[in-house]
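A quick write-up on the structure given underneath.
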Amino acid sequence: MAVSGLNWDDLRIVQAVCRTGSFSRAARSLQLNETTISRRVLRLEDELGTSLFDAVNGERRPTAACRAVVGNLDMMANAAADIARMLGTRDHASRKLRLTTISAIAEYLLAPRLGDLFAALPDLSLALETSDSNVDMSRWEADLAIRLGRPRQGAFLMRKIGTLNFWLIRPAGSGASRIAVYPEALAGTPEMQALLAQEGLGPVLLETSDLKVMRRLLEDGLAVGVLPDFLADEIPAEAPVVRTPLQVSRDVWLLSQPHLRDDHHAKQLSDWCVSLFAARSP
């Protein structure tokens, strides 16, 4: 397969060397031998008239010229993988897309409106995945992702689609002052920092990233903790708690793979995600 006079197999090798940092590891990942990798890279460098990799401390590091095109190589690889998946399915009219976000957003904001999405896109097959950690879009772990916080870098499309505000939930009266917190890996989030800055807190009662579990514990007045607004709204008015708005918020960002910019199903899915957060705006 030739692309603008270049051989895609050669470009795929360059991408593998960039990803793995060595000819030998790239060879293993592509199920080729190291000699073939080395020969193809040297041939491509000769054709282009520029070096693609420098040997530094036993590693193959991309040169400035190579780094300038790595993002495009990733896009090409992603598009090729997408085409292979589409051609490999029996139902070519069906379109499968992968969307990832945290479980609370999936359960409380996305799930209630899935019927609207499938009514608008009856031939869509959606893989909805949840994770507390951010997926690696550059490694094709998702087509679209809803994240809390703007990514610092990445060769994907980014769009701010909303904001989450947070509430401090305390037991009413002189109840318990033990706290419910996120796992240590999430301790640096703005809402956790705001919680830990409160006075008169006791030791940790519960550590969990499951916000549904967190909400139930706080709703019963068993601990002090924080919840995003859409979960704080779920606590009944008669619950034995005191609710106080926190002066912290987190922006919600929608990420998508660049090659899906003009894809009908991806655009519809993106618009649907945007509409979910637009509906929450005052």
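If you're wondering about the labels, chains in the structure tokens are A, B, ... by order shown, residues count from 1 in each chain, ligands from 1 in order shown.
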Hey, could you make a per-residue contact list for range 124-229 of chain A against range 273-278 of chain A with 12 Å as the cut-off, showing the nearest pair of atoms and its distance in Å to one decimal, counting only C-alpha atoms, sorted by chain and number, as a Markdown table?
| residue | atom | partner | partner_atom | distance |
| --- | --- | --- | --- | --- |
| A:Leu144 | CA | A:Cys273 | CA | 10.0 |
| A:Ala145 | CA | A:Cys273 | CA | 9.9 |
| A:Ile146 | CA | A:Cys273 | CA | 8.4 |
| A:Arg147 | CA | A:Cys273 | CA | 11.7 |
| A:Arg159 | CA | A:Val274 | CA | 9.2 |
| A:Lys160 | CA | A:Val274 | CA | 8.8 |
| A:Ile161 | CA | A:Val274 | CA | 5.5 |
| A:Gly162 | CA | A:Phe277 | CA | 5.5 |
| A:Thr163 | CA | A:Phe277 | CA | 8.0 |
| A:Leu164 | CA | A:Phe277 | CA | 9.3 |
task: Would you mind listing what lies within 9 Å of range 13-21 of chain A as JSON, numbers by chain, with only C-alpha atoms counted and same-chain residues fewer than 2 positions away left out?
output: {"A": [8, 9, 10, 11, 23, 24, 25, 26, 27, 29, 30, 37, 40, 41, 52, 53, 58, 59, 60, 61, 62, 66, 67, 70, 73, 74, 77]}
message: as a ChimeraX atom specification, please: the residues near Ala223 in chain A (cut-off 12 Å, only C-alpha atoms, same-chain neighbours under 6 positions excluded).
response: /A:168-172,174-181,195,201-207,214-217,240-242
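Residue nearest Gly221 in chain A within the list A:Asp46, A:Leu196, A:Trp272, A:Gly173: A:Gly173 [criterion: smallest interatomic distance, only C-alpha atoms].
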message: Going by DSSP on the backbone, which residues of range 17-57 of chain A come out as alpha helix (DSSP H)? List them as a PyMOL selection string.
response: chain A and resi 17-20+23-30+34-48
